[in-house]
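Participant: Dropping in final-v4.txt, which is compact mmCIF, C-alpha atoms:
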# COMPACT_ATOMS: atom_id res chain seq x y z
CA MET A 222 12.69 27.04 12.83
CA ILE A 223 10.10 25.70 10.37
CA ARG A 224 11.42 23.12 7.91
CA LYS A 225 10.99 23.70 4.18
CA GLN A 226 10.10 20.03 3.72
CA ILE A 227 7.69 17.68 5.48
CA LEU A 228 8.46 14.15 6.63
CA ARG A 229 5.96 11.83 4.96
CA TYR A 230 7.50 8.44 5.75
CA THR A 231 9.98 7.43 8.43
CA ALA A 232 12.95 5.16 7.70
CA ASN A 233 11.16 2.21 9.34
CA GLN A 234 8.03 2.78 7.25
CA ARG A 235 10.04 2.98 4.03
CA THR A 236 11.98 -0.17 4.89
CA ASN A 237 8.75 -1.99 5.66
CA HIS A 238 7.23 -0.87 2.36
CA TRP A 239 10.19 -2.01 0.25
CA LEU A 240 10.40 -5.36 2.02
CA VAL A 241 6.74 -5.96 1.14
CA ALA A 242 7.44 -4.87 -2.44
CA ILE A 243 10.37 -7.27 -2.82
CA LEU A 244 8.45 -10.15 -1.30
CA PHE A 245 5.46 -9.37 -3.52
CA PHE A 246 7.54 -9.72 -6.68
CA MET A 247 9.16 -12.92 -5.43
CA ALA A 248 5.87 -14.48 -4.34
CA GLY A 249 4.15 -13.22 -7.49
CA LEU A 250 6.73 -14.62 -9.90
CA SER A 251 6.87 -17.96 -8.11
CA GLY A 252 3.07 -18.09 -8.03
CA LEU A 253 2.86 -17.41 -11.76
CA ALA A 254 5.40 -20.21 -12.35
CA LEU A 255 3.08 -22.62 -10.55
CA PHE A 256 -0.07 -21.24 -12.15
CA HIS A 257 0.40 -22.15 -15.80
CA PRO A 258 2.81 -24.39 -17.80
CA ALA A 259 3.61 -21.50 -20.15
CA LEU A 260 5.20 -19.70 -17.20
CA PHE A 261 7.06 -22.72 -15.87
CA TRP A 262 10.39 -21.19 -16.94
CA LEU A 263 10.06 -18.75 -14.04
CA ASN A 264 10.91 -21.68 -11.77
CA ASN A 265 14.54 -21.18 -12.79
CA LEU A 266 14.60 -17.98 -10.75
CA PHE A 267 14.07 -20.01 -7.58
CA GLY A 268 16.21 -23.08 -8.22
CA GLY A 269 13.71 -25.23 -10.10
CA GLY A 270 10.18 -26.55 -9.68
CA PRO A 271 10.52 -28.27 -6.28
CA TRP A 272 12.20 -25.27 -4.67
CA THR A 273 9.62 -22.92 -6.16
CA ARG A 274 6.81 -25.00 -4.66
CA ILE A 275 8.58 -25.03 -1.27
CA LEU A 276 9.52 -21.34 -1.17
CA HIS A 277 6.32 -19.78 -2.56
CA PRO A 278 4.07 -20.28 0.49
CA PHE A 279 6.78 -19.20 2.92
CA MET A 280 7.40 -16.01 0.95
CA GLY A 281 3.66 -15.38 0.94
CA VAL A 282 3.39 -15.73 4.72
CA VAL A 283 6.38 -13.44 5.34
CA MET A 284 4.93 -10.89 2.91
CA PHE A 285 1.64 -10.94 4.82
CA VAL A 286 3.42 -10.41 8.15
CA PHE A 287 5.33 -7.38 6.84
CA PHE A 288 2.19 -6.03 5.20
CA LEU A 289 0.46 -6.16 8.58
CA GLY A 290 3.19 -3.81 9.77
CA LEU A 291 2.02 -1.28 7.18
CA VAL A 292 -1.62 -1.84 8.12
CA VAL A 293 -0.91 -1.12 11.79
CA GLN A 294 0.84 2.14 10.89
CA PHE A 295 -1.52 3.45 8.20
CA TRP A 296 -5.03 2.07 8.75
CA ARG A 297 -6.24 5.19 10.57
CA ALA A 298 -5.07 7.44 7.73
CA ASN A 299 -7.10 5.32 5.29
CA TYR A 300 -10.49 5.92 6.86
CA PHE A 301 -12.86 7.66 4.46
CA ILE A 302 -14.00 11.20 5.27
CA ASP A 303 -16.71 13.44 3.79
CA ASN A 304 -14.26 15.27 1.52
CA ASP A 305 -13.33 11.97 -0.12
CA ARG A 306 -16.78 11.62 -1.64
CA LEU A 307 -16.61 15.17 -3.00
CA TRP A 308 -13.08 14.51 -4.29
CA LEU A 309 -14.29 11.50 -6.25
CA ARG A 310 -16.94 13.63 -7.93
CA ARG A 311 -14.16 15.79 -9.33
CA ILE A 312 -11.80 12.98 -10.23
CA ASP A 313 -11.77 14.25 -13.83
CA ARG A 314 -10.00 17.43 -12.70
CA VAL A 315 -7.51 15.42 -10.68
CA MET A 316 -6.74 13.26 -13.73
CA LYS A 317 -6.01 16.44 -15.70
CA ASN A 318 -3.73 17.70 -12.91
CA GLU A 319 -6.10 20.62 -12.36
CA GLU A 320 -6.61 20.31 -8.62
CA GLU A 321 -7.70 23.88 -7.98
CA GLY A 322 -11.21 23.74 -6.54
CA VAL A 323 -10.91 20.06 -5.66
CA PRO A 324 -11.81 19.40 -1.98
CA ALA A 325 -8.85 19.17 0.37
CA ILE A 326 -7.94 15.65 1.47
CA GLY A 327 -5.83 14.02 4.16
CA LYS A 328 -2.63 12.00 3.95
CA TYR A 329 -4.15 9.69 1.32
CA ASN A 330 -6.63 10.39 -1.45
CA PRO A 331 -9.73 8.20 -1.97
CA GLY A 332 -8.02 6.21 -4.71
CA GLN A 333 -5.15 5.35 -2.40
CA LYS A 334 -7.60 4.40 0.33
CA LEU A 335 -9.53 2.10 -2.00
CA LEU A 336 -6.23 0.52 -3.00
CA PHE A 337 -5.23 0.05 0.65
CA TRP A 338 -8.40 -1.83 1.56
CA THR A 339 -8.30 -3.84 -1.67
CA LEU A 340 -4.74 -4.93 -0.92
CA LEU A 341 -5.69 -5.88 2.62
CA LEU A 342 -8.67 -7.94 1.42
CA CYS A 343 -6.54 -9.70 -1.22
CA MET A 344 -3.75 -10.39 1.27
CA VAL A 345 -6.16 -11.95 3.77
CA ALA A 346 -7.79 -14.04 1.01
CA LEU A 347 -4.40 -15.22 -0.24
CA LEU A 348 -3.28 -16.16 3.26
CA PHE A 349 -6.29 -18.29 4.17
CA THR A 350 -6.73 -19.92 0.77
CA GLY A 351 -2.99 -20.51 0.65
CA LEU A 352 -3.09 -22.34 3.95
CA VAL A 353 -5.88 -24.58 2.66
CA ILE A 354 -3.88 -25.62 -0.42
CA TRP A 355 -0.49 -25.86 1.35
CA ARG A 356 0.04 -29.57 0.80
CA ALA A 357 3.01 -30.01 3.12
CA TYR A 358 1.14 -28.88 6.23
CA PHE A 359 -2.58 -28.14 5.95
CA SER A 360 -4.33 -29.48 2.84
CA GLU A 361 -4.82 -32.94 4.38
CA TYR A 362 -7.34 -31.42 6.78
CA PHE A 363 -9.64 -30.28 3.96
CA GLY A 364 -11.77 -32.08 1.39
CA ILE A 365 -11.03 -31.96 -2.32
CA THR A 366 -13.97 -29.63 -3.02
CA THR A 367 -12.75 -27.13 -0.44
CA ILE A 368 -9.23 -27.30 -1.87
CA ARG A 369 -10.48 -26.68 -5.40
CA TRP A 370 -12.49 -23.65 -4.33
CA ALA A 371 -9.51 -22.38 -2.36
CA MET A 372 -7.27 -22.72 -5.42
CA LEU A 373 -9.75 -20.77 -7.52
CA LEU A 374 -10.09 -17.99 -4.95
CA HIS A 375 -6.33 -17.93 -4.44
CA ALA A 376 -5.76 -17.37 -8.15
CA LEU A 377 -8.50 -14.71 -8.30
CA ALA A 378 -7.11 -12.83 -5.30
CA GLY A 379 -3.62 -13.02 -6.79
CA PHE A 380 -4.89 -11.63 -10.09
CA VAL A 381 -6.64 -8.69 -8.39
CA LEU A 382 -3.55 -8.06 -6.24
CA ILE A 383 -1.25 -7.94 -9.28
CA LEU A 384 -3.57 -5.53 -11.10
CA SER A 385 -3.80 -3.35 -7.98
CA ILE A 386 -0.03 -3.18 -7.64
CA ILE A 387 0.29 -2.20 -11.31
CA VAL A 388 -2.14 0.66 -10.66
CA HIS A 389 -0.17 1.57 -7.52
CA ILE A 390 3.11 1.74 -9.43
CA TYR A 391 1.58 3.74 -12.28
CA ALA A 392 -0.01 6.25 -9.90
CA GLY A 393 3.23 6.61 -7.96
CA ILE A 394 5.13 7.46 -11.14
CA TRP A 395 2.34 9.67 -12.54
CA ILE A 396 2.16 11.89 -9.44
CA LYS A 397 5.63 13.41 -9.35
CA GLY A 398 7.18 13.32 -5.91
CA SER A 399 5.40 10.17 -4.70
CA VAL A 400 8.24 7.76 -5.47
CA ASN A 401 10.79 10.19 -4.06
CA ALA A 402 8.77 10.34 -0.84
CA MET A 403 9.02 6.56 -0.44
CA LEU A 404 12.74 6.62 -1.27
CA HIS A 405 13.85 9.53 0.90
CA GLY A 406 10.85 10.18 3.16
CA TRP A 407 10.47 13.92 2.55
CA VAL A 408 8.12 16.01 0.40
CA SER A 409 8.01 19.73 -0.25
CA ARG A 410 5.38 21.86 1.41
CA ALA A 411 4.09 22.87 -2.03
CA TRP A 412 3.62 19.20 -2.98
CA ALA A 413 1.86 18.42 0.29
CA LYS A 414 -0.44 21.43 -0.01
CA LYS A 415 -1.35 20.61 -3.63
CA HIS A 416 -2.05 16.90 -3.22
CA HIS A 417 -2.91 16.45 0.49
CA GLU A 418 -3.90 19.82 1.88
CA LEU A 419 -5.62 18.62 5.07
CA TRP A 420 -2.59 16.53 5.98
CA CYS A 421 -0.31 19.47 5.19
CA ARG A 422 -2.31 21.72 7.52
CA GLU A 423 -2.15 19.14 10.28
CA VAL A 424 1.60 18.62 10.00
CA THR A 425 2.52 22.28 9.65
CA ARG A 426 0.32 23.14 12.62
CA GLU A 427 2.35 20.72 14.72
CA GLU A 428 5.62 22.24 13.49
CA ARG A 429 4.53 25.84 14.05
CA PRO A 430 6.66 27.36 16.82
CA ARG A 431 4.91 28.56 19.92
CA SER A 432 4.84 32.31 20.41
CA ASP A 433 6.48 33.75 23.47
CA PRO A 434 4.09 34.72 26.27
CA PRO A 435 3.33 38.45 26.38
CA LEU A 436 5.38 40.49 28.81
CA SER A 437 3.43 41.62 31.83
CA LYS A 438 3.15 45.35 32.33
CA LYS A 439 4.34 46.75 35.58
CA GLY A 440 1.92 49.24 37.03
Any chance you could put this one into structure tokens?

Facilitator:
Amino acid sequence: MIRKQILRYTANQRTNHWLVAILFFMAGLSGLALFHPALFWLNNLFGGGPWTRILHPFMGVVMFVFFLGLVVQFWRANYFIDNDRLWLRRIDRVMKNEEEGVPAIGKYNPGQKLLFWTLLLCMVALLFTGLVIWRAYFSEYFGITTIRWAMLLHALAGFVLILSIIVHIYAGIWIKGSVNAMLHGWVSRAWAKKHHELWCREVTREERPRSDPPLSKKG
């Protein structure tokens, strides 16, 4: 029997995603509290200034570890293919929700793929620069010039990451069915065919029941 819906994300994948999301908001808010005096009041969410300074780097490291779990599961699906370039040329039709005639794409569209690699780059930059400026453990091994550059790059990577997540949230809400897929895991076949036709073909081909072998004729 062929299902009417398609599994887009397993329970483990959805759990991993939401853990990263929660840790992102916690690390982001604590980072903003440390970034500028005007945002110092955010320290109250974490028990005050000292606790914010202690918890922020640990939350960042844990977030990176869980994010690697997503990378391991989804990096192959985020490789660019020829249709992606053609899809980008017709991005205006996609923005108008007029996807007829737009080249078929895989599990993720080019925008999602760009976001994936941007997030990975920002996460790696935040990890290494964060280690350099982590006073309790690592900063003593680096000179003041290196630490200053690391702080600048850390802030820049954090800024790009926050903007990217805002775009991610907006796109997820704008494309109806995307948020539901990450909450419940399933999407309709019509949704999959409209937004990710190549992926839909691949999945439905795997679900298609095998036909019974033809009966041999007795002579």

Participant: Could you state the separation of CA of His375 (chain A) and CA of Ala357 (chain A) in Å, given to one decimal place?

Facilitator: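 About the pair CA of His375 (chain A) and CA of Ala357 (chain A): they are 17.0 Å apart.
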
Participant: Ranking A:Val292, A:Ile383, A:Ala376, A:Leu228 by minimum distance to His257 (chain A) and counting all atoms listed in the file, which one comes first?

Facilitator: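 Checking each candidate against His257 (chain A), we get A:Ala376 as the closest.
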
Participant: Within 9 Å of (-4.8, 10.2, 4.8) (file coordinates; only C-alpha atoms), which protein or nucleic acid residues are there? I'd like them as a PDB file with C-alpha atoms, in the coordinates of the input.

Facilitator:
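Full text of result30.pdb as output:
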ATOM      1  CA  PHE A 295      -1.520   3.450   8.200  1.00  0.00           C
ATOM      2  CA  ARG A 297      -6.240   5.190  10.570  1.00  0.00           C
ATOM      3  CA  ALA A 298      -5.070   7.440   7.730  1.00  0.00           C
ATOM      4  CA  ASN A 299      -7.100   5.320   5.290  1.00  0.00           C
ATOM      5  CA  TYR A 300     -10.490   5.920   6.860  1.00  0.00           C
ATOM      6  CA  PHE A 301     -12.860   7.660   4.460  1.00  0.00           C
ATOM      7  CA  ILE A 326      -7.940  15.650   1.470  1.00  0.00           C
ATOM      8  CA  GLY A 327      -5.830  14.020   4.160  1.00  0.00           C
ATOM      9  CA  LYS A 328      -2.630  12.000   3.950  1.00  0.00           C
ATOM     10  CA  TYR A 329      -4.150   9.690   1.320  1.00  0.00           C
ATOM     11  CA  ASN A 330      -6.630  10.390  -1.450  1.00  0.00           C
ATOM     12  CA  PRO A 331      -9.730   8.200  -1.970  1.00  0.00           C
ATOM     13  CA  GLN A 333      -5.150   5.350  -2.400  1.00  0.00           C
ATOM     14  CA  LYS A 334      -7.600   4.400   0.330  1.00  0.00           C
ATOM     15  CA  HIS A 417      -2.910  16.450   0.490  1.00  0.00           C
ATOM     16  CA  LEU A 419      -5.620  18.620   5.070  1.00  0.00           C
ATOM     17  CA  TRP A 420      -2.590  16.530   5.980  1.00  0.00           C
TER      18      TRP A 420
END

Participant: Quick one: residues within 10 Å of (-0.9, -11.7, 2.0) (file frame), counting only C-alpha atoms, please, as a PyMOL selection string.

Facilitator: chain A and resi 241+245+248+280-289+340-349+351+378-379+382

Participant: To one decimal place in Å, what is the distance between CA of Met403 (chain A) and CA of Arg235 (chain A)?

Facilitator: 5.8 Å

Participant: Give me, as number ranges by chain, all polymer residues having an atom no more than 10 Å from Gln234 (chain A), counting only C-alpha atoms and skipping those fewer than 4 positions away in the same chain.

Facilitator: A: 229-230, 238-240, 290-291, 294-295, 403, 406

Participant: Go through region 348-412 of chain A and flag each residue having an atom no more than 12 Å from region 306-321 of chain A; for those, report the closest pair of atoms plus their distance in Å to one decimal, using only C-alpha atoms, ordered by chain and rising number, as CSV.

Facilitator:
residue,atom,partner,partner_atom,distance
A:Ala392,CA,A:Met316,CA,10.4
A:Trp395,CA,A:Met316,CA,9.8
A:Ile396,CA,A:Asn318,CA,9.0
A:Lys397,CA,A:Asn318,CA,10.9
A:Trp412,CA,A:Glu320,CA,11.7

Participant: Identify which of the residues A:Ser399, A:Asn237, A:Thr231, A:Thr339 lies closest to Ala413 (chain A), counting all atoms listed in the file when measuring atom-to-atom distances.

Facilitator: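 Of A:Ser399, A:Asn237, A:Thr231, A:Thr339, the one nearest Ala413 (chain A) is A:Ser399, counting all atoms listed in the file.
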
Participant: Can you tell me how far CA of Pro271 (chain A) sits from CA of Leu374 (chain A), in Å to one decimal?

Facilitator: 23.1 Å

Participant: Which of these residues is nearest to Ile227 (chain A), using all atoms listed in the file: A:Trp407, A:Lys415, A:Gly322, A:Arg422?

Facilitator: A:Trp407

Participant: Quick one: everything within 12 Å of region 359-363 of chain A, counting only C-alpha atoms, minus sequence neighbours fewer than 6 positions away in the same chain. Send it as a list in words.

Facilitator: Pro278, Phe349, Thr350, Gly351, Leu352, Val353, Arg369, Trp370, Ala371 and Met372 of chain A

Participant: So, counting all atoms listed in the file, which residue among A:Ala232, A:Val388, A:Ala325, A:Ile368 is closest to Glu423 (chain A)?

Facilitator: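 Using all atoms listed in the file, Glu423 (chain A) sits closest to A:Ala325.
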
Participant: Go through A:Trp338, A:Val381, A:His416, A:Cys421 and flag the residue nearest Gly398 (chain A), using all atoms listed in the file for the distances.

Facilitator: A:His416

Participant: So, with only C-alpha atoms as the atoms that count, which of A:Ala402, A:Leu253, A:Leu276, A:Leu335 lies closest to Asp305 (chain A)?

Facilitator: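 The shortest atom-to-atom distance to Asp305 (chain A) comes from A:Leu335.
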